[in-house]
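**Q** Data: run28.txt, compact mmCIF, C-alpha atoms.
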```
# COMPACT_ATOMS: atom_id res chain seq x y z
CA MET F 1 25.70 71.76 26.41
CA LYS F 2 25.38 75.52 25.95
CA ALA F 3 23.07 77.63 28.09
CA VAL F 4 22.09 81.22 28.78
CA GLN F 5 23.44 81.97 32.25
CA PHE F 6 24.70 84.56 34.70
CA THR F 7 26.97 84.29 37.73
CA GLU F 8 25.81 87.45 39.48
CA HIS F 9 22.81 89.77 39.46
CA GLY F 10 23.02 92.95 37.47
CA ASP F 11 22.42 94.69 34.17
CA ARG F 12 22.19 92.91 30.83
CA ASP F 13 25.96 92.60 30.56
CA VAL F 14 25.97 89.80 33.17
CA ILE F 15 24.28 87.47 30.64
CA GLU F 16 26.48 84.90 28.91
CA TYR F 17 25.81 82.05 26.48
CA GLY F 18 28.36 79.34 27.10
CA GLU F 19 29.20 75.86 28.24
CA PHE F 20 27.25 74.35 31.13
CA SER F 21 27.20 70.83 32.54
CA ASP F 22 24.69 68.54 30.86
CA PRO F 23 21.60 68.00 33.03
CA ASP F 24 21.28 64.64 34.78
CA PRO F 25 17.54 63.81 34.97
CA GLY F 26 16.22 62.18 38.11
CA PRO F 27 13.80 59.24 38.23
CA ASP F 28 10.72 61.50 37.88
CA GLU F 29 12.27 63.88 35.35
CA VAL F 30 12.33 64.15 31.57
CA LEU F 31 15.35 65.24 29.54
CA VAL F 32 14.15 67.71 26.92
CA ASP F 33 16.07 68.66 23.79
CA VAL F 34 15.02 72.32 23.74
CA LYS F 35 13.91 73.75 20.40
CA ALA F 36 12.62 77.17 21.49
CA GLY F 37 11.92 79.21 24.60
CA ALA F 38 10.45 82.62 25.34
CA LEU F 39 11.24 85.45 27.70
CA ASN F 40 8.89 86.90 30.29
CA HIS F 41 9.32 90.04 32.37
CA LEU F 42 10.04 87.61 35.21
CA ASP F 43 13.40 86.91 33.55
CA ILE F 44 14.33 90.58 33.91
CA TRP F 45 13.56 90.65 37.62
CA THR F 46 15.37 87.36 38.19
CA ARG F 47 18.48 88.68 36.45
CA LYS F 48 18.42 91.91 38.47
CA GLY F 49 17.79 90.05 41.73
CA MET F 50 14.75 89.99 43.98
CA PRO F 51 14.60 90.25 47.79
CA GLY F 52 14.20 86.89 49.49
CA ILE F 53 15.30 84.78 46.51
CA ASP F 54 18.81 83.39 46.87
CA LEU F 55 19.73 81.68 43.62
CA GLU F 56 22.27 78.95 43.03
CA MET F 57 24.90 80.43 40.72
CA PRO F 58 25.47 80.24 37.85
CA HIS F 59 21.76 80.59 37.16
CA ILE F 60 20.04 79.57 33.93
CA PRO F 61 16.98 81.79 33.36
CA GLY F 62 13.84 80.92 31.43
CA SER F 63 10.40 79.67 32.45
CA ASP F 64 9.07 78.92 28.95
CA ALA F 65 10.44 76.32 26.54
CA ALA F 66 9.39 73.49 24.27
CA GLY F 67 11.24 70.60 22.69
CA VAL F 68 11.57 66.88 22.08
CA VAL F 69 11.83 64.25 24.80
CA GLU F 70 15.33 62.78 24.64
CA ALA F 71 15.17 60.47 27.68
CA VAL F 72 12.91 59.74 30.65
CA GLY F 73 13.53 58.75 34.26
CA GLU F 74 12.51 55.33 35.51
CA LYS F 75 9.37 56.62 37.25
CA VAL F 76 8.09 58.64 34.27
CA THR F 77 4.88 57.23 32.76
CA ARG F 78 3.33 60.06 30.68
CA PHE F 79 6.08 60.62 28.13
CA GLU F 80 8.49 58.67 26.00
CA GLU F 81 11.39 59.45 23.68
CA GLY F 82 10.39 61.56 20.69
CA ASP F 83 7.32 63.22 22.26
CA HIS F 84 6.83 66.95 21.77
CA VAL F 85 6.44 68.78 25.09
CA ALA F 86 6.23 72.28 26.58
CA VAL F 87 7.23 73.45 30.05
CA SER F 88 4.65 74.59 32.59
CA ALA F 89 6.85 76.32 35.14
CA GLY F 90 4.84 76.28 38.38
CA VAL F 91 6.19 73.83 40.99
CA TRP F 92 4.16 72.68 43.98
CA CYS F 93 4.75 70.38 46.96
CA GLY F 94 1.69 68.12 46.69
CA GLN F 95 1.38 67.86 50.48
CA CYS F 96 0.11 71.15 51.93
CA GLU F 97 -3.56 71.89 52.55
CA PHE F 98 -3.94 73.76 49.26
CA CYS F 99 -2.31 71.05 47.17
CA ARG F 100 -4.45 68.40 48.86
CA ASP F 101 -7.50 70.51 48.05
CA GLY F 102 -6.53 70.59 44.37
CA ASP F 103 -5.51 74.26 44.08
CA VAL F 104 -1.78 73.77 43.64
CA ALA F 105 -1.25 77.39 42.51
CA ARG F 106 -1.76 78.33 46.19
CA CYS F 107 0.82 75.84 47.44
CA VAL F 108 2.68 77.22 50.46
CA ARG F 109 5.97 76.16 48.83
CA PHE F 110 5.00 77.20 45.32
CA HIS F 111 7.91 78.30 43.15
CA ILE F 112 8.69 78.81 39.49
CA ILE F 113 11.22 77.18 37.20
CA GLY F 114 13.57 79.90 36.00
CA GLU F 115 12.80 82.23 38.91
CA HIS F 116 13.56 80.26 42.07
CA VAL F 117 15.46 77.35 40.49
CA ARG F 118 17.44 76.96 37.28
CA GLY F 119 15.42 77.48 34.14
CA VAL F 120 15.20 76.15 30.62
CA HIS F 121 16.95 78.59 28.26
CA ALA F 122 19.55 76.02 27.28
CA GLU F 123 20.14 73.31 24.69
CA LYS F 124 18.81 70.70 27.13
CA ALA F 125 16.75 70.76 30.32
CA ALA F 126 15.80 68.16 32.92
CA VAL F 127 12.20 68.93 33.88
CA PRO F 128 9.89 67.12 36.35
CA GLU F 129 7.30 65.06 34.50
CA ARG F 130 4.40 66.95 36.05
CA ASN F 131 5.83 70.23 34.72
CA LEU F 132 5.44 69.17 31.11
CA VAL F 133 2.44 69.22 28.80
CA SER F 134 2.06 67.39 25.50
CA VAL F 135 2.30 69.43 22.31
CA PRO F 136 0.71 68.21 19.04
CA ASP F 137 3.26 67.62 16.31
CA HIS F 138 1.73 70.28 14.04
CA VAL F 139 2.38 73.15 16.49
CA ASP F 140 5.40 75.31 15.63
CA TRP F 141 8.17 75.37 18.22
CA GLU F 142 8.01 79.14 18.60
CA ILE F 143 4.33 78.89 19.53
CA ALA F 144 4.81 75.88 21.82
CA GLY F 145 7.73 77.54 23.58
CA SER F 146 6.05 80.89 24.22
CA ALA F 147 2.47 80.15 25.28
CA SER F 148 2.47 78.42 28.64
CA LEU F 149 3.32 81.01 31.28
CA VAL F 150 1.36 83.98 29.95
CA PHE F 151 -1.74 82.14 28.77
CA GLN F 152 -2.13 80.07 31.93
CA THR F 153 -1.60 83.18 34.05
CA ALA F 154 -4.18 85.22 32.14
CA TRP F 155 -6.68 82.32 32.00
CA ARG F 156 -6.71 81.75 35.76
CA MET F 157 -6.60 85.47 36.54
CA LEU F 158 -9.58 86.42 34.36
CA LEU F 159 -11.84 83.37 34.43
CA ASP F 160 -11.15 81.68 37.77
CA ARG F 161 -10.01 84.39 40.17
CA GLY F 162 -11.78 87.27 38.39
CA GLU F 163 -14.90 85.31 37.36
CA LEU F 164 -15.22 87.33 34.15
CA GLN F 165 -18.67 87.02 32.59
CA ALA F 166 -19.91 87.54 29.04
CA GLY F 167 -21.11 91.08 28.48
CA GLU F 168 -18.88 92.65 31.13
CA LYS F 169 -16.48 95.46 30.33
CA VAL F 170 -12.79 94.73 30.95
CA LEU F 171 -9.76 96.99 30.63
CA VAL F 172 -6.41 95.32 29.87
CA LEU F 173 -3.37 97.46 30.64
CA GLY F 174 -0.15 96.88 28.74
CA ALA F 175 -1.84 94.90 26.00
CA SER F 176 1.38 94.61 23.99
CA GLY F 177 3.13 92.47 26.61
CA GLY F 178 2.95 88.71 27.06
CA VAL F 179 0.25 88.55 29.73
CA GLY F 180 -1.51 91.58 28.26
CA HIS F 181 -1.96 90.21 24.77
CA ALA F 182 -3.06 86.85 26.20
CA ALA F 183 -5.60 88.61 28.45
CA VAL F 184 -7.09 90.51 25.51
CA GLN F 185 -7.66 87.26 23.62
CA ILE F 186 -9.13 85.45 26.63
CA ALA F 187 -11.43 88.35 27.53
CA ASP F 188 -12.69 88.48 23.93
CA TYR F 189 -13.19 84.70 23.97
CA ALA F 190 -15.22 85.03 27.18
CA GLY F 191 -17.59 87.47 25.50
CA ALA F 192 -16.47 90.63 27.30
CA GLU F 193 -16.26 94.11 25.82
CA VAL F 194 -12.52 94.68 25.76
CA TYR F 195 -10.67 97.95 26.29
CA ALA F 196 -6.87 97.88 25.89
CA THR F 197 -3.97 100.26 26.41
CA ALA F 198 -0.60 100.40 24.64
CA SER F 199 2.07 102.97 23.87
CA SER F 200 1.89 103.29 20.07
CA GLU F 201 -0.59 103.15 17.23
CA GLU F 202 1.15 100.05 15.88
CA LYS F 203 0.72 98.22 19.17
CA LEU F 204 -2.89 99.34 19.41
CA GLY F 205 -3.50 97.90 15.95
CA TYR F 206 -2.17 94.54 17.09
CA ALA F 207 -4.37 94.73 20.19
CA LYS F 208 -7.41 95.16 17.95
CA GLU F 209 -6.32 92.10 15.96
CA CYS F 210 -6.22 90.17 19.24
CA GLY F 211 -9.82 91.14 20.04
CA ALA F 212 -9.83 94.60 21.64
CA ASP F 213 -12.98 96.59 20.92
CA HIS F 214 -11.58 99.94 22.12
CA VAL F 215 -7.94 101.02 22.38
CA ILE F 216 -6.21 103.83 24.27
CA ASN F 217 -2.71 105.20 23.72
CA TYR F 218 -1.56 105.73 27.30
CA GLU F 219 1.37 107.89 26.13
CA GLU F 220 -1.06 110.45 24.72
CA GLU F 221 -4.20 110.05 26.84
CA ASP F 222 -5.09 109.57 30.48
CA PHE F 223 -6.61 106.12 30.35
CA ALA F 224 -8.86 106.59 33.38
CA SER F 225 -10.44 109.70 31.84
CA GLU F 226 -10.81 107.92 28.50
CA ILE F 227 -12.52 104.96 30.16
CA ARG F 228 -15.00 107.24 31.93
CA GLU F 229 -15.80 108.95 28.64
CA LEU F 230 -16.07 105.72 26.61
CA THR F 231 -18.36 104.12 29.20
CA GLY F 232 -20.59 107.14 29.84
CA LYS F 233 -18.92 107.75 33.24
CA ARG F 234 -19.82 104.23 34.37
CA GLY F 235 -16.38 102.59 34.31
CA VAL F 236 -15.43 99.00 33.59
CA ASP F 237 -16.24 95.88 35.58
CA MET F 238 -12.66 94.59 35.61
CA VAL F 239 -9.17 96.02 35.17
CA VAL F 240 -6.29 93.66 34.38
CA ASP F 241 -3.33 95.47 35.95
CA HIS F 242 0.07 93.78 36.05
CA VAL F 243 1.89 97.13 35.85
CA GLY F 244 1.64 98.13 39.52
CA GLU F 245 2.50 101.48 41.10
CA ALA F 246 2.44 103.51 37.88
CA THR F 247 -1.13 102.55 36.98
CA TYR F 248 -2.87 101.34 40.15
CA PRO F 249 -4.51 104.67 41.18
CA ASP F 250 -5.98 105.15 37.70
CA SER F 251 -7.03 101.51 37.60
CA LEU F 252 -9.18 102.15 40.68
CA LYS F 253 -10.60 105.28 39.03
CA SER F 254 -11.52 103.25 35.93
CA LEU F 255 -13.74 100.80 37.80
CA ALA F 256 -17.50 100.86 37.97
CA LYS F 257 -19.21 100.47 41.34
CA GLY F 258 -18.57 96.94 42.54
CA GLY F 259 -15.76 96.44 40.04
CA ARG F 260 -12.53 94.54 40.57
CA ILE F 261 -8.86 94.74 39.74
CA VAL F 262 -7.11 91.47 38.97
CA THR F 263 -3.33 91.41 39.15
CA CYS F 264 -0.54 88.91 38.60
CA GLY F 265 2.43 91.25 38.88
CA ALA F 266 3.76 94.75 39.42
CA THR F 267 6.50 95.57 36.92
CA THR F 268 6.72 99.23 38.00
CA GLY F 269 6.67 98.50 41.73
CA GLY F 270 4.47 96.70 44.22
CA ASN F 271 3.66 99.34 46.82
CA PRO F 272 1.19 101.93 45.54
CA GLY F 273 -1.11 103.75 47.91
CA ALA F 274 -3.93 101.42 48.87
CA GLY F 275 -6.71 103.78 47.82
CA LEU F 276 -8.91 102.43 50.60
CA ASN F 277 -11.35 105.34 50.48
CA ARG F 278 -12.18 104.58 46.84
CA ILE F 279 -12.21 100.83 47.53
CA PHE F 280 -14.73 100.93 50.35
CA TRP F 281 -16.92 103.72 48.93
CA ASN F 282 -17.25 102.09 45.50
CA GLN F 283 -17.21 98.57 46.97
CA LEU F 284 -14.26 97.47 44.84
CA SER F 285 -12.18 94.30 45.02
CA VAL F 286 -8.46 93.78 44.43
CA ILE F 287 -7.73 90.17 43.50
CA GLY F 288 -4.32 88.56 43.21
CA SER F 289 -3.51 85.58 40.99
CA THR F 290 -0.42 83.49 40.28
CA MET F 291 0.08 80.93 37.51
CA ALA F 292 -2.55 78.13 37.27
CA THR F 293 -3.52 74.57 38.15
CA PRO F 294 -2.60 71.70 35.80
CA GLY F 295 -6.21 71.45 34.66
CA GLN F 296 -6.35 75.15 33.85
CA VAL F 297 -3.06 74.85 31.96
CA ASP F 298 -4.47 71.98 29.91
CA ASP F 299 -7.68 73.90 29.15
CA VAL F 300 -6.02 77.06 27.87
CA LEU F 301 -3.18 75.36 25.99
CA GLU F 302 -5.64 73.21 24.08
CA LEU F 303 -7.05 76.49 22.77
CA VAL F 304 -3.56 77.58 21.78
CA TRP F 305 -2.79 74.29 20.04
CA ASP F 306 -6.02 74.45 18.01
CA GLY F 307 -5.40 78.07 16.98
CA THR F 308 -8.15 79.75 19.01
CA PHE F 309 -5.46 81.73 20.84
CA GLU F 310 -2.20 82.82 19.28
CA PRO F 311 0.99 83.91 21.03
CA ARG F 312 2.21 86.84 18.93
CA ILE F 313 5.96 86.65 18.28
CA ARG F 314 7.69 90.02 18.10
CA GLU F 315 11.19 88.61 17.49
CA THR F 316 13.04 85.30 17.28
CA LEU F 317 16.73 85.36 18.24
CA PRO F 318 19.51 82.84 18.85
CA MET F 319 20.24 82.24 22.54
CA SER F 320 23.65 83.84 22.07
CA GLU F 321 21.72 87.11 21.63
CA ALA F 322 19.85 86.73 24.94
CA GLU F 323 21.20 90.11 26.05
CA ARG F 324 19.37 91.72 23.13
CA ALA F 325 16.23 89.74 23.97
CA HIS F 326 16.31 91.12 27.53
CA GLU F 327 16.78 94.62 26.11
CA MET F 328 13.63 94.27 23.98
CA ILE F 329 11.55 93.25 27.00
CA GLU F 330 12.94 96.02 29.21
CA ASN F 331 12.43 98.70 26.58
CA ARG F 332 8.94 97.47 25.63
CA GLU F 333 9.93 97.10 21.99
CA GLY F 334 7.31 95.51 19.78
CA PHE F 335 4.20 93.46 20.50
CA GLY F 336 3.98 89.98 22.02
CA LYS F 337 6.69 87.48 22.87
CA VAL F 338 10.44 87.41 22.33
CA VAL F 339 11.61 83.88 21.48
CA VAL F 340 15.14 82.51 21.87
CA ILE F 341 16.40 79.39 20.11
CA PRO F 342 19.58 77.40 20.85
CA ASP F 343 22.26 78.47 18.42
CA SER F 344 22.60 74.87 17.29
CA GLU F 345 18.92 74.96 16.20
CA TYR F 346 18.84 78.51 14.83
CA GLU F 347 18.61 78.97 11.07
```
Translate the structure of the given file into structure tokens.
**A**
Amino acid sequence: MKAVQFTEHGDRDVIEYGEFSDPDPGPDEVLVDVKAGALNHLDIWTRKGMPGIDLEMPHIPGSDAAGVVEAVGEKVTRFEEGDHVAVSAGVWCGQCEFCRDGDVARCVRFHIIGEHVRGVHAEKAAVPERNLVSVPDHVDWEIAGSASLVFQTAWRMLLDRGELQAGEKVLVLGASGGVGHAAVQIADYAGAEVYATASSEEKLGYAKECGADHVINYEEEDFASEIRELTGKRGVDMVVDHVGEATYPDSLKSLAKGGRIVTCGATTGGNPGAGLNRIFWNQLSVIGSTMATPGQVDDVLELVWDGTFEPRIRETLPMSEAERAHEMIENREGFGKVVVIPDSEYE
């Protein structure tokens, strides 16, 4: 088969699209004929290399994909040949105290397909049965292959970890990105008053289409000052901040008394000043969140499949142009998801 791959960490020029050994599915795995996959910022970090993660090389990136079941292992019971499926990339052990308690996203050995182990940006992928969800036949491959990671992450972060309530005010930073545009839709669905930031008027227009009530161009305005003005100096109840060092201090400034930051990442760096004086004086909370449980994945993807939520596709490219796809993510070009399709499937 052909696969997106790299043999060393580095800049975009380490990416190749070439021959790779066909996957050999195990007894509890499903062989998927991949029709489409999507990039996440995680793919950029994985390509560049992250401390503490020693990858088997060559590495195939990609945590999101969808396709048709081609074959199943002898222990597989949920799927059969011809089924439409999408990847849910979180992997858990099933044995630790958190798994036994039902919250597998806190598994002590939790890892992610495409980040810690080989991913699914290839013509075929062998995926554990429990890491697949059924996709209705009417759902387009680009939608099925781009929804899972960002919508499950935003769903758990806002509704489970953040306990967002109807009528609350929530600020979503980076609303043009994958998690950001999913968070805007979920916050609107939950009945919150949604504030969103982006870097251009075009992106802000898309954010409004996704459900934002108020938008702020962070290239032209200080978003913390704008939030204080828009809320009558009160602040918002929740800030969704997956940006990190560049925005964290202003995220704290944007919160009302008793407010909370929810975060699932730190694309600009993970070590900002703690801001403890503001945290204790205003009685703020900083809440981390990673991926989701299988039940949460099912809940949010059902709302994608029925059209309640929509992954916005900024570009669809053949996998041979994966280098360009990475460039779009790194340079924050466009709004929503970048999808890659095996060259053999691309039209």
**Q** Which residue gives the smallest distance to Asn271 of chain F among F:Gly295, F:Gly167, F:Gly244, F:Gly162, with all atoms listed in the file counted?
**A**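 For Asn271 of chain F, the nearest of the candidates is F:Gly244.
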**Q** Which is closest to Asp222 of chain F among F:Thr268, F:Ser254, F:Ser146, F:Ser200, if we use all atoms listed in the file?
**A**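 Closest to Asp222 of chain F of all the choices is F:Ser254.
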**Q** Please determine, counting only C-alpha atoms, which residue among F:Asp101, F:Asp298, F:Glu29, F:Asp43 has the shortest atom-to-atom distance to Val133 of chain F.
**A**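 Among the listed residues, the smallest separation from Val133 of chain F belongs to F:Asp298.
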**Q** Kindly indicate which residue among F:Val194, F:Ile227, F:Ala292, F:Ala325 lies nearest to Ala207 of chain F, using only C-alpha atoms for the distances.
**A**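 Checking each of F:Val194, F:Ile227, F:Ala292, F:Ala325 against Ala207 of chain F, counting only C-alpha atoms, the winner is F:Val194.
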**Q** Between atom CA of Arg260 of chain F and atom CA of Glu245 of chain F, what is the distance in Å, rounded to a tenth?
**A** 16.6 Å
**Q** Tell me which of F:Leu276, F:Leu173, F:Ala187, F:Val69 sits closest to Thr247 of chain F, counting all atoms listed in the file.
**A**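 Residue with the minimum atom-to-atom distance to Thr247 of chain F: F:Leu173.
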**Q** My list of candidates is F:Ala86, F:Leu171, F:Val286, F:Ile279. Which is closest to Val236 of chain F when distances are computed with all atoms listed in the file?
**A** F:Leu171
**Q** Using atom CA of Gly82 of chain F and atom CA of Leu31 of chain F as the two end points, give the distance in Å to one decimal.
**A** 10.8 Å
**Q** Can you tell me which residues surround segment 121-125 of chain F at a distance of at most 6 Å, considering all atoms listed in the file, apart from same-chain residues fewer than 6 positions away, and format the answer as JSON, numbers by chain?
**A** {"F": [2, 3, 4, 31, 32, 33, 34, 62, 342]}
**Q** As a CSV table (one decimal), keeping the file's coordinate frame, could you write out segment 324-335 of chain F once it has been completed with all heavy atoms?
**A**
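Output file out25.csv is given in full below:
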```csv
chain,number,residue,atom,x,y,z
F,324,ARG,N,20.3,90.9,24.0
F,324,ARG,CA,19.4,91.7,23.1
F,324,ARG,C,17.9,91.4,23.4
F,324,ARG,O,17.1,92.3,23.5
F,324,ARG,CB,19.7,91.5,21.6
F,324,ARG,CG,18.7,92.1,20.7
F,324,ARG,CD,18.6,93.6,20.8
F,324,ARG,NE,17.6,94.1,19.8
F,324,ARG,CZ,16.8,95.2,20.1
F,324,ARG,NH1,16.9,95.8,21.3
F,324,ARG,NH2,16.0,95.6,19.2
F,325,ALA,N,17.6,90.1,23.6
F,325,ALA,CA,16.2,89.7,24.0
F,325,ALA,C,15.8,90.4,25.3
F,325,ALA,O,14.6,90.9,25.4
F,325,ALA,CB,16.1,88.2,24.1
F,326,HIS,N,16.6,90.4,26.3
F,326,HIS,CA,16.3,91.1,27.5
F,326,HIS,C,16.1,92.6,27.3
F,326,HIS,O,15.2,93.2,27.9
F,326,HIS,CB,17.4,90.9,28.5
F,326,HIS,CG,17.4,89.6,29.3
F,326,HIS,ND1,17.3,89.5,30.7
F,326,HIS,CD2,17.3,88.3,28.8
F,326,HIS,CE1,17.2,88.2,31.0
F,326,HIS,NE2,17.3,87.5,29.9
F,327,GLU,N,16.9,93.2,26.4
F,327,GLU,CA,16.8,94.6,26.1
F,327,GLU,C,15.4,94.9,25.5
F,327,GLU,O,14.8,95.9,25.9
F,327,GLU,CB,17.9,95.0,25.1
F,327,GLU,CG,17.8,96.5,24.8
F,327,GLU,CD,18.9,96.9,23.8
F,327,GLU,OE1,19.3,96.1,23.0
F,327,GLU,OE2,19.4,98.1,23.9
F,328,MET,N,14.9,94.1,24.6
F,328,MET,CA,13.6,94.3,24.0
F,328,MET,C,12.5,94.3,25.0
F,328,MET,O,11.6,95.1,24.9
F,328,MET,CB,13.4,93.2,22.9
F,328,MET,CG,14.3,93.3,21.7
F,328,MET,SD,13.8,92.2,20.4
F,328,MET,CE,12.3,92.9,19.8
F,329,ILE,N,12.6,93.3,26.0
F,329,ILE,CA,11.6,93.2,27.0
F,329,ILE,C,11.6,94.5,27.9
F,329,ILE,O,10.6,95.1,28.2
F,329,ILE,CB,11.7,92.0,27.9
F,329,ILE,CG1,11.6,90.7,27.0
F,329,ILE,CG2,10.7,92.0,29.0
F,329,ILE,CD1,10.2,90.5,26.4
F,330,GLU,N,12.8,94.9,28.3
F,330,GLU,CA,12.9,96.0,29.2
F,330,GLU,C,12.5,97.3,28.6
F,330,GLU,O,11.9,98.2,29.2
F,330,GLU,CB,14.4,96.1,29.7
F,330,GLU,CG,14.8,95.1,30.7
F,330,GLU,CD,16.2,95.4,31.2
F,330,GLU,OE1,17.2,94.9,30.6
F,330,GLU,OE2,16.3,96.1,32.2
F,331,ASN,N,12.8,97.5,27.3
F,331,ASN,CA,12.4,98.7,26.6
F,331,ASN,C,11.1,98.7,25.9
F,331,ASN,O,10.7,99.6,25.2
F,331,ASN,CB,13.5,99.0,25.5
F,331,ASN,CG,14.8,99.3,26.1
F,331,ASN,OD1,14.9,99.7,27.3
F,331,ASN,ND2,15.9,99.2,25.3
F,332,ARG,N,10.3,97.6,26.1
F,332,ARG,CA,8.9,97.5,25.6
F,332,ARG,C,8.9,97.6,24.1
F,332,ARG,O,8.0,98.3,23.6
F,332,ARG,CB,8.0,98.5,26.3
F,332,ARG,CG,8.0,98.4,27.8
F,332,ARG,CD,6.8,99.1,28.4
F,332,ARG,NE,6.6,100.4,27.9
F,332,ARG,CZ,7.1,101.5,28.4
F,332,ARG,NH1,8.0,101.4,29.4
F,332,ARG,NH2,6.9,102.7,27.9
F,333,GLU,N,9.9,97.0,23.4
F,333,GLU,CA,9.9,97.1,22.0
F,333,GLU,C,9.0,96.0,21.4
F,333,GLU,O,9.1,94.9,21.7
F,333,GLU,CB,11.4,96.9,21.5
F,333,GLU,CG,12.4,97.9,22.0
F,333,GLU,CD,13.8,97.5,21.5
F,333,GLU,OE1,13.9,97.0,20.4
F,333,GLU,OE2,14.7,97.8,22.2
F,334,GLY,N,8.1,96.5,20.5
F,334,GLY,CA,7.3,95.5,19.8
F,334,GLY,C,6.1,95.0,20.5
F,334,GLY,O,5.8,95.5,21.6
F,335,PHE,N,5.5,94.0,20.0
F,335,PHE,CA,4.2,93.5,20.5
F,335,PHE,C,4.3,92.0,20.7
F,335,PHE,O,4.7,91.3,19.7
F,335,PHE,CB,3.1,93.8,19.5
F,335,PHE,CG,1.7,93.4,20.0
F,335,PHE,CD1,0.9,94.4,20.6
F,335,PHE,CD2,1.2,92.1,19.9
F,335,PHE,CE1,-0.4,94.0,21.1
F,335,PHE,CE2,-0.1,91.8,20.4
F,335,PHE,CZ,-0.9,92.7,21.0
```
